[in-house]
Amino acid sequence: MTEKSVRLHADDIESPIDLPVYSGTLGNDVVDVRGLTANGYFTYDPGFVSTASCESKITYIDGANGVLLHRGYPIEVLAEKSEYLETCYLLLHGELPSKSQYEQFQTLITNHTMVHEAIARFFRGFHHDSHPMAIMCGAVGALSAFYHDSLDISNAEHRLISAHRLVAKMPTLAAMCYKHHIGQPFMYPDNMLSYSENFLRMMFGTPCEDYKVNPVLASAMDKIFLLHADHEQNASTSTVRLAGSSGANPFACVAAGIATLWGPAHGGANEAVLAMLEEIGDESNIDKFIAKAKDKNDPFRLMGFGHRVYKNFDPRAKVMKQTCDEVLTELGLENDPLLKIAKRLEKIALEDEYFIQKKLYPNVDFYSGIIMKAIGIPTEMFTVIFATGRTIGWIAHWHEMVSEGFKIGRPRQLYTGYAQREYVKLEKR
């Protein structure tokens with residue numbers, strides 16, 4: 001990290017204020033505004049869209065050019081050559097594992113997939129039609145009551161044990177949320193299966209008969225987990241860091257991240273894609289809805305197109321598109337009515353000059369929603385699966401923050417309320 005400075009001038013400042021400017025490995029230079037407080041100023045940045053809240057070595061995004069790097073590795077390369085658990089190791093430890101390290105890591109995660117039996121009884125306390133994300137928030141937060149033997153955040157070994165437990169148990173809890181929601185018995189993990197194979201079995205298997213995992217679907221689930229593993233300082237990751245800055249335990253911090261992800265503006269995009277397809281209803285209605293999307297005065301918006309960060313093609317979407325095609329072919333669903341609408345919308349977005357000029361390309365949520373519907377996952381589970389994949393990103397950022405020293409988060413405000421007022425007794429009001 002290199003350093004220079006910038007000088008701030010203002011009408012009511014007697015002498016200019018010099019502020020350090022830092023240059024990271026990649027990305028924009030950053031002005032260190034911490035010196036403003038001593039001079040009686042704060043910065044004003046609603047949504048923190050122009051503020052770097054931390055220093056991190058984990059993930060880098062160049063939205064203008066459609067670049068996403070995990071520890072320096074492009075997401076397309078990881079999706080093609082790696083798998084989810086290897087990417088988990090990379091995000092957590094900073095380097096790709098050797099063969100022996102990876103085998104040890106896989107074994108470690110596999111041996112942690114079981115949850116305490118009392119957690120099954122804990123699930124019975126939720127109403128049968130509770131939203132799976134509501135259950136997930138409660139269940140993950142409750143893990144700290146079951147695994148309190150490793151909650152000393154100052155202990156590096158404890159931090160890693162908690163990280164392993166979270167990555168391992170999230171698919172088990174996610175599947176339990178689904179089973180509780182539909183009233184089926186929970187399925188225990190099978191240590192002979194891979195991470196994604198195990199998840200599909202726990203989701204769709206029953207004690208009545210053997211469940212044969214389709215390798216194409218297992219590969220697709222692994223891609224979904226991998227492509228959602230981390231996305232820099234988004235709302236949920238920043239929430240995990242802010243909660244962690246108080247010294248809160250990692251299970252509570254990740255539960256806070258899940259609650260943030262539940263918001264429709266963050267984690268609900270792939271669910272919104274399916275709702276949009278159902279609203280369109282039939283291929284014959286597509287032209288009408290495309291016209292509505294182009295009309296500035298019409299509130300209708302095409303969901304799953306464009307991205308707040310990526311002003312070019314979402315690099316994850318390229319991988320997800322290929323996976324989507326493989327899943328639809330494997331399941332013979334090319335003629336499914338909603339999926340036919342989706343494919344037609346995709347074609348229009350990639351060819352229509354309006355969408356090309358505005359760079360409204362299909363994003364990762366567009367394709368992941370289609371894939372999950374094709375696999376048989378209901379829309380209310382989409383964000384739970386997003387949370388399962390993103391857990392490694394949350395815990396990697398939490399681990400990085402705690403390992404390198406941290407200060408409790410305390411954002412400031414621009415106060416626009418009343419100045420000090422005199423209190424008037426109730427009988428005189």
# chains A, B, ... in the order shown; residues from 1 in each chain; ligands from 1
$ closest_atom_pairs --of "range 59-164 of chain A" --to "range 242-259 of chain A" --cutoff "9 Å" --atoms "only C-alpha atoms" --output "tab-separated table"
residue	atom	partner	partner_atom	distance
A:Met133	CA	A:Ile258	CA	7.7
A:Ala134	CA	A:Ala259	CA	8.1
A:Met136	CA	A:Ile258	CA	7.6
A:Cys137	CA	A:Ala255	CA	5.2
A:Gly138	CA	A:Ala255	CA	7.4
A:Ala139	CA	A:Ala255	CA	8.3
A:Val140	CA	A:Ala255	CA	5.6
A:Gly141	CA	A:Ala252	CA	4.9
A:Ala142	CA	A:Phe251	CA	7.7
A:Leu143	CA	A:Phe251	CA	6.3
A:Ser144	CA	A:Phe251	CA	5.7
A:Leu151	CA	A:Asn249	CA	6.1
A:Asp152	CA	A:Asn249	CA	7.9
A:Ile153	CA	A:Asn249	CA	6.9
A:Arg159	CA	A:Pro250	CA	8.0
A:Ser162	CA	A:Pro250	CA	7.0
A:Ala163	CA	A:Pro250	CA	8.0
$ write_last_selection --atoms "N, CA and C atoms" --output "PDB file, in the first residue's frame"
ATOM      1  N   MET A 133     -36.146 -18.524   5.645  1.00  0.00           N
ATOM      2  CA  MET A 133     -35.113 -17.578   6.093  1.00  0.00           C
ATOM      3  C   MET A 133     -35.317 -17.172   7.543  1.00  0.00           C
ATOM      4  N   ALA A 134     -36.569 -17.124   7.990  1.00  0.00           N
ATOM      5  CA  ALA A 134     -36.836 -16.829   9.401  1.00  0.00           C
ATOM      6  C   ALA A 134     -36.263 -17.938  10.270  1.00  0.00           C
ATOM      7  N   MET A 136     -33.818 -19.974   9.381  1.00  0.00           N
ATOM      8  CA  MET A 136     -32.365 -19.973   9.229  1.00  0.00           C
ATOM      9  C   MET A 136     -31.712 -18.939  10.147  1.00  0.00           C
ATOM     10  N   CYS A 137     -32.311 -17.765  10.226  1.00  0.00           N
ATOM     11  CA  CYS A 137     -31.774 -16.725  11.129  1.00  0.00           C
ATOM     12  C   CYS A 137     -31.697 -17.243  12.559  1.00  0.00           C
ATOM     13  N   GLY A 138     -32.813 -17.834  13.022  1.00  0.00           N
ATOM     14  CA  GLY A 138     -32.865 -18.321  14.389  1.00  0.00           C
ATOM     15  C   GLY A 138     -31.939 -19.489  14.633  1.00  0.00           C
ATOM     16  N   ALA A 139     -31.885 -20.423  13.670  1.00  0.00           N
ATOM     17  CA  ALA A 139     -31.090 -21.640  13.860  1.00  0.00           C
ATOM     18  C   ALA A 139     -29.599 -21.334  13.906  1.00  0.00           C
ATOM     19  N   VAL A 140     -29.128 -20.465  13.016  1.00  0.00           N
ATOM     20  CA  VAL A 140     -27.689 -20.143  12.999  1.00  0.00           C
ATOM     21  C   VAL A 140     -27.303 -19.361  14.242  1.00  0.00           C
ATOM     22  N   GLY A 141     -28.142 -18.418  14.649  1.00  0.00           N
ATOM     23  CA  GLY A 141     -27.851 -17.684  15.883  1.00  0.00           C
ATOM     24  C   GLY A 141     -27.802 -18.605  17.085  1.00  0.00           C
ATOM     25  N   ALA A 142     -28.655 -19.646  17.065  1.00  0.00           N
ATOM     26  CA  ALA A 142     -28.715 -20.581  18.190  1.00  0.00           C
ATOM     27  C   ALA A 142     -27.493 -21.495  18.266  1.00  0.00           C
ATOM     28  N   LEU A 143     -26.732 -21.616  17.183  1.00  0.00           N
ATOM     29  CA  LEU A 143     -25.562 -22.502  17.213  1.00  0.00           C
ATOM     30  C   LEU A 143     -24.573 -22.118  18.310  1.00  0.00           C
ATOM     31  N   SER A 144     -24.520 -20.839  18.640  1.00  0.00           N
ATOM     32  CA  SER A 144     -23.582 -20.405  19.690  1.00  0.00           C
ATOM     33  C   SER A 144     -23.950 -20.993  21.046  1.00  0.00           C
ATOM     34  N   LEU A 151     -15.667 -20.226  21.358  1.00  0.00           N
ATOM     35  CA  LEU A 151     -16.153 -18.872  21.066  1.00  0.00           C
ATOM     36  C   LEU A 151     -15.209 -17.769  21.530  1.00  0.00           C
ATOM     37  N   ASP A 152     -13.977 -18.126  21.870  1.00  0.00           N
ATOM     38  CA  ASP A 152     -12.987 -17.105  22.226  1.00  0.00           C
ATOM     39  C   ASP A 152     -12.428 -16.526  20.935  1.00  0.00           C
ATOM     40  N   ILE A 153     -12.920 -15.363  20.528  1.00  0.00           N
ATOM     41  CA  ILE A 153     -12.540 -14.828  19.218  1.00  0.00           C
ATOM     42  C   ILE A 153     -11.084 -14.393  19.162  1.00  0.00           C
ATOM     43  N   ARG A 159     -11.326 -19.562  16.206  1.00  0.00           N
ATOM     44  CA  ARG A 159     -11.918 -18.906  15.037  1.00  0.00           C
ATOM     45  C   ARG A 159     -12.031 -19.877  13.866  1.00  0.00           C
ATOM     46  N   SER A 162     -14.794 -22.524  14.488  1.00  0.00           N
ATOM     47  CA  SER A 162     -16.115 -21.940  14.232  1.00  0.00           C
ATOM     48  C   SER A 162     -16.359 -21.782  12.742  1.00  0.00           C
ATOM     49  N   ALA A 163     -15.327 -21.379  11.997  1.00  0.00           N
ATOM     50  CA  ALA A 163     -15.460 -21.233  10.548  1.00  0.00           C
ATOM     51  C   ALA A 163     -15.784 -22.575   9.902  1.00  0.00           C
TER      52      ALA A 163
END
$ residues_around --residues "Ala229 in chain A" --least-positions-apart "4" --cutoff "6 Å" --atoms "only C-alpha atoms" --output "list of chain:residue names"
A:Gly389, A:Arg390, A:Gly393
$ residues_around --residues "Gly66 in chain A" --least-positions-apart "3" --cutoff "8 Å" --atoms "only C-alpha atoms" --output "VMD selection string"
chain A and resid 61 to 63 310 to 315
$ write_last_selection --atoms "N, CA and C atoms" --output "short mmCIF file (atom, residue, chain, number, x, y, z; two decimals), in the first residue's frame"
data_model
loop_
_atom_site.label_atom_id
_atom_site.label_comp_id
_atom_site.auth_asym_id
_atom_site.auth_seq_id
_atom_site.Cartn_x
_atom_site.Cartn_y
_atom_site.Cartn_z
N ILE A 61 -13.46 -6.37 -6.84
CA ILE A 61 -14.44 -6.22 -7.93
C ILE A 61 -14.10 -4.98 -8.74
N ASP A 62 -14.05 -5.12 -10.05
CA ASP A 62 -13.98 -4.00 -10.98
C ASP A 62 -15.27 -4.03 -11.77
N GLY A 63 -16.26 -3.27 -11.30
CA GLY A 63 -17.58 -3.33 -11.91
C GLY A 63 -17.62 -2.82 -13.33
N TYR A 310 -21.83 -4.20 -11.35
CA TYR A 310 -21.26 -4.47 -12.67
C TYR A 310 -21.93 -3.59 -13.72
N LYS A 311 -21.15 -2.71 -14.33
CA LYS A 311 -21.65 -1.87 -15.41
C LYS A 311 -21.36 -2.52 -16.76
N ASN A 312 -20.88 -3.72 -16.70
CA ASN A 312 -20.63 -4.54 -17.87
C ASN A 312 -21.29 -5.87 -17.59
N PHE A 313 -20.88 -6.92 -18.24
CA PHE A 313 -21.45 -8.25 -18.00
C PHE A 313 -21.01 -8.78 -16.64
N ASP A 314 -21.94 -9.32 -15.89
CA ASP A 314 -21.63 -9.96 -14.62
C ASP A 314 -20.79 -11.21 -14.92
N PRO A 315 -19.52 -11.26 -14.47
CA PRO A 315 -18.66 -12.39 -14.84
C PRO A 315 -19.20 -13.73 -14.34
#
$ residues_around --residues "Thr107 in chain A" --least-positions-apart "5" --cutoff "9 Å" --atoms "only C-alpha atoms" --output "list in words"
Tyr102, His112 and Asn191 of chain A
$ atom_distance --atom1 "CA of Val77 in chain A" --atom2 "CA of Ala220 in chain A"
15.8 Å
$ closest_residue --among "A:Asn28, A:Thr383, A:Ser219, A:Ser154" --to "Gly268 in chain A" --atoms "only C-alpha atoms"
A:Thr383
$ closest_residue --among "A:Ser98, A:Thr113, A:Thr206, A:Thr87" --to "Ala174 in chain A" --atoms "only C-alpha atoms"
A:Thr113
$ select_by_dssp --residues "range 63-206 of chain A" --states "strand (DSSP E)" --output "VMD selection string"
chain A and resid 67 to 70 73 to 74
$ select_by_dssp --residues "range 100-266 of chain A" --states "alpha helix (DSSP H)" --output "PyMOL selection string"
chain A and resi 100-110+117-123+132-146+156-182+195-204+215-227+235-244+250-261
$ write_last_selection --atoms "C-alpha atoms" --output "tab-separated table (two decimals), in the first residue's frame"
chain	number	residue	atom	x	y	z
A	100	SER	CA	-2.93	-33.11	1.13
A	101	GLN	CA	-4.23	-29.85	2.60
A	102	TYR	CA	-7.36	-30.08	0.50
A	103	GLU	CA	-8.03	-33.69	1.43
A	104	GLN	CA	-7.62	-32.80	5.10
A	105	PHE	CA	-9.95	-29.80	4.69
A	106	GLN	CA	-12.60	-31.89	2.92
A	107	THR	CA	-12.46	-34.49	5.67
A	108	LEU	CA	-12.70	-31.79	8.34
A	109	ILE	CA	-15.79	-30.21	6.76
A	110	THR	CA	-17.42	-33.60	6.16
A	117	GLU	CA	-29.60	-33.61	17.94
A	118	ALA	CA	-31.26	-31.01	20.17
A	119	ILE	CA	-31.32	-28.63	17.19
A	120	ALA	CA	-33.91	-30.90	15.57
A	121	ARG	CA	-36.16	-30.28	18.59
A	122	PHE	CA	-35.39	-26.57	18.32
A	123	PHE	CA	-36.85	-26.61	14.79
A	132	PRO	CA	-37.22	-20.73	5.68
A	133	MET	CA	-35.11	-17.58	6.09
A	134	ALA	CA	-36.84	-16.83	9.40
A	135	ILE	CA	-35.91	-20.32	10.58
A	136	MET	CA	-32.37	-19.97	9.23
A	137	CYS	CA	-31.77	-16.73	11.13
A	138	GLY	CA	-32.86	-18.32	14.39
A	139	ALA	CA	-31.09	-21.64	13.86
A	140	VAL	CA	-27.69	-20.14	13.00
A	141	GLY	CA	-27.85	-17.68	15.88
A	142	ALA	CA	-28.72	-20.58	18.19
A	143	LEU	CA	-25.56	-22.50	17.21
A	144	SER	CA	-23.58	-20.41	19.69
A	145	ALA	CA	-25.65	-22.04	22.46
A	146	PHE	CA	-24.58	-25.51	21.26
A	156	ALA	CA	-7.01	-18.28	16.27
A	157	GLU	CA	-7.78	-21.99	16.65
A	158	HIS	CA	-11.26	-21.21	17.99
A	159	ARG	CA	-11.92	-18.91	15.04
A	160	LEU	CA	-11.03	-21.64	12.55
A	161	ILE	CA	-13.10	-24.27	14.37
A	162	SER	CA	-16.11	-21.94	14.23
A	163	ALA	CA	-15.46	-21.23	10.55
A	164	HIS	CA	-15.32	-24.95	9.75
A	165	ARG	CA	-18.48	-25.62	11.72
A	166	LEU	CA	-20.40	-22.89	9.94
A	167	VAL	CA	-19.35	-23.95	6.43
A	168	ALA	CA	-20.08	-27.59	7.25
A	169	LYS	CA	-23.42	-27.18	9.01
A	170	MET	CA	-25.06	-24.56	6.78
A	171	PRO	CA	-26.24	-27.03	4.09
A	172	THR	CA	-27.55	-29.33	6.83
A	173	LEU	CA	-29.50	-26.47	8.42
A	174	ALA	CA	-30.69	-25.25	5.01
A	175	ALA	CA	-32.08	-28.70	4.19
A	176	MET	CA	-33.68	-28.89	7.65
A	177	CYS	CA	-35.42	-25.56	6.96
A	178	TYR	CA	-36.89	-27.04	3.79
A	179	LYS	CA	-37.91	-30.32	5.36
A	180	HIS	CA	-39.61	-28.53	8.25
A	181	HIS	CA	-41.37	-26.26	5.77
A	182	ILE	CA	-42.87	-29.19	3.83
A	195	TYR	CA	-20.64	-31.22	-0.18
A	196	SER	CA	-23.17	-30.50	-2.95
A	197	GLU	CA	-24.26	-34.13	-3.34
A	198	ASN	CA	-24.95	-34.26	0.37
A	199	PHE	CA	-27.03	-31.08	0.20
A	200	LEU	CA	-29.23	-32.44	-2.60
A	201	ARG	CA	-29.73	-35.72	-0.76
A	202	MET	CA	-30.69	-33.95	2.47
A	203	MET	CA	-33.09	-31.72	0.50
A	204	PHE	CA	-34.84	-34.30	-1.64
A	215	PRO	CA	-24.05	-35.60	-11.06
A	216	VAL	CA	-25.14	-32.79	-13.41
A	217	LEU	CA	-27.38	-31.32	-10.71
A	218	ALA	CA	-24.70	-31.76	-8.04
A	219	SER	CA	-22.22	-29.92	-10.27
A	220	ALA	CA	-24.76	-27.13	-10.81
A	221	MET	CA	-25.32	-26.76	-7.04
A	222	ASP	CA	-21.57	-26.61	-6.52
A	223	LYS	CA	-21.37	-23.80	-9.12
A	224	ILE	CA	-24.19	-21.90	-7.41
A	225	PHE	CA	-22.43	-22.14	-4.04
A	226	LEU	CA	-19.07	-21.16	-5.57
A	227	LEU	CA	-20.40	-18.19	-7.56
A	235	ALA	CA	-24.67	-5.11	2.71
A	236	SER	CA	-24.63	-8.51	4.43
A	237	THR	CA	-20.83	-8.80	4.57
A	238	SER	CA	-20.56	-5.27	5.95
A	239	THR	CA	-23.20	-6.23	8.53
A	240	VAL	CA	-21.16	-9.26	9.59
A	241	ARG	CA	-18.08	-7.06	9.97
A	242	LEU	CA	-20.00	-4.40	11.91
A	243	ALA	CA	-21.52	-6.98	14.25
A	244	GLY	CA	-18.10	-8.61	14.65
A	250	PRO	CA	-19.22	-15.65	14.79
A	251	PHE	CA	-22.57	-17.46	14.87
A	252	ALA	CA	-24.34	-14.27	15.95
A	253	CYS	CA	-22.46	-12.29	13.29
A	254	VAL	CA	-23.42	-14.70	10.50
A	255	ALA	CA	-27.04	-14.69	11.73
A	256	ALA	CA	-26.94	-10.90	11.33
A	257	GLY	CA	-25.62	-11.38	7.80
A	258	ILE	CA	-28.47	-13.78	7.02
A	259	ALA	CA	-31.02	-11.25	8.30
A	260	THR	CA	-29.53	-8.61	6.00
A	261	LEU	CA	-29.46	-10.98	3.03
$ closest_residue --among "A:Leu328, A:Leu19, A:Ala293, A:Ile385" --to "His228 in chain A" --atoms "only C-alpha atoms"
A:Ile385
$ closest_residue --among "A:Arg124, A:Lys81, A:Lys57, A:Arg421" --to "Glu95 in chain A" --atoms "only C-alpha atoms"
A:Lys57
$ residues_around --residues "range 302-309 of chain A" --least-positions-apart "3" --cutoff "7 Å" --atoms "only C-alpha atoms" --output "mmCIF file with N, CA, C and O atoms, in the first residue's frame"
data_model
loop_
_atom_site.group_PDB
_atom_site.id
_atom_site.type_symbol
_atom_site.label_atom_id
_atom_site.label_comp_id
_atom_site.auth_asym_id
_atom_site.auth_seq_id
_atom_site.Cartn_x
_atom_site.Cartn_y
_atom_site.Cartn_z
ATOM 1 N N GLY A 63 -16.260 -3.270 -11.301
ATOM 2 C CA GLY A 63 -17.580 -3.327 -11.906
ATOM 3 C C GLY A 63 -17.618 -2.821 -13.329
ATOM 4 O O GLY A 63 -18.392 -3.315 -14.153
ATOM 5 N N ALA A 269 -33.138 -11.255 -5.222
ATOM 6 C CA ALA A 269 -33.198 -10.993 -6.665
ATOM 7 C C ALA A 269 -33.587 -12.228 -7.471
ATOM 8 O O ALA A 269 -34.387 -12.149 -8.406
ATOM 9 N N ASN A 270 -33.001 -13.406 -7.119
ATOM 10 C CA ASN A 270 -33.339 -14.590 -7.919
ATOM 11 C C ASN A 270 -34.786 -15.033 -7.684
ATOM 12 O O ASN A 270 -35.428 -15.596 -8.568
ATOM 13 N N ALA A 272 -37.148 -12.840 -7.174
ATOM 14 C CA ALA A 272 -37.908 -11.866 -7.956
ATOM 15 C C ALA A 272 -37.939 -12.238 -9.437
ATOM 16 O O ALA A 272 -38.903 -11.919 -10.143
ATOM 17 N N VAL A 273 -36.890 -12.892 -9.910
ATOM 18 C CA VAL A 273 -36.859 -13.336 -11.308
ATOM 19 C C VAL A 273 -38.017 -14.295 -11.583
ATOM 20 O O VAL A 273 -38.736 -14.157 -12.578
ATOM 21 N N MET A 276 -41.307 -12.541 -11.637
ATOM 22 C CA MET A 276 -41.479 -11.808 -12.897
ATOM 23 C C MET A 276 -41.910 -12.745 -14.021
ATOM 24 O O MET A 276 -42.815 -12.432 -14.803
ATOM 25 N N ALA A 293 -41.013 -2.441 -19.951
ATOM 26 C CA ALA A 293 -39.689 -2.252 -19.356
ATOM 27 C C ALA A 293 -38.973 -1.054 -19.965
ATOM 28 O O ALA A 293 -38.186 -0.375 -19.292
ATOM 29 N N LYS A 359 -26.541 -1.748 -21.146
ATOM 30 C CA LYS A 359 -25.777 -2.835 -20.521
ATOM 31 C C LYS A 359 -26.624 -3.607 -19.500
ATOM 32 O O LYS A 359 -26.172 -3.930 -18.404
ATOM 33 N N LEU A 360 -27.867 -3.874 -19.905
ATOM 34 C CA LEU A 360 -28.767 -4.654 -19.062
ATOM 35 C C LEU A 360 -28.654 -6.129 -19.444
ATOM 36 O O LEU A 360 -29.578 -6.739 -19.985
ATOM 37 N N TYR A 361 -27.487 -6.685 -19.158
ATOM 38 C CA TYR A 361 -27.249 -8.082 -19.464
ATOM 39 C C TYR A 361 -27.838 -8.972 -18.365
ATOM 40 O O TYR A 361 -27.980 -8.544 -17.216
ATOM 41 N N PRO A 362 -28.176 -10.213 -18.688
ATOM 42 C CA PRO A 362 -28.625 -11.139 -17.633
ATOM 43 C C PRO A 362 -27.533 -11.298 -16.574
ATOM 44 O O PRO A 362 -26.359 -11.441 -16.905
ATOM 45 N N ASN A 363 -27.930 -11.252 -15.293
ATOM 46 C CA ASN A 363 -26.945 -11.390 -14.228
ATOM 47 C C ASN A 363 -27.031 -12.782 -13.589
ATOM 48 O O ASN A 363 -27.813 -13.621 -14.007
ATOM 49 N N ASP A 365 -28.238 -13.820 -10.863
ATOM 50 C CA ASP A 365 -29.520 -14.156 -10.243
ATOM 51 C C ASP A 365 -30.521 -14.667 -11.267
ATOM 52 O O ASP A 365 -31.361 -15.515 -10.960
ATOM 53 N N PHE A 366 -30.451 -14.149 -12.489
ATOM 54 C CA PHE A 366 -31.356 -14.587 -13.546
ATOM 55 C C PHE A 366 -31.179 -16.078 -13.796
ATOM 56 O O PHE A 366 -32.136 -16.848 -13.797
#
$ atom_distance --atom1 "CA of Ser194 in chain A" --atom2 "CA of Met381 in chain A"
20.8 Å
$ closest_residue --among "A:Ser23, A:Ser150, A:Pro207, A:Gln322" --to "Ala79 in chain A" --atoms "only C-alpha atoms"
A:Gln322
$ closest_residue --among "A:Gly409, A:His266, A:Ile17, A:Asp149" --to "His231 in chain A" --atoms "only C-alpha atoms"
A:His266
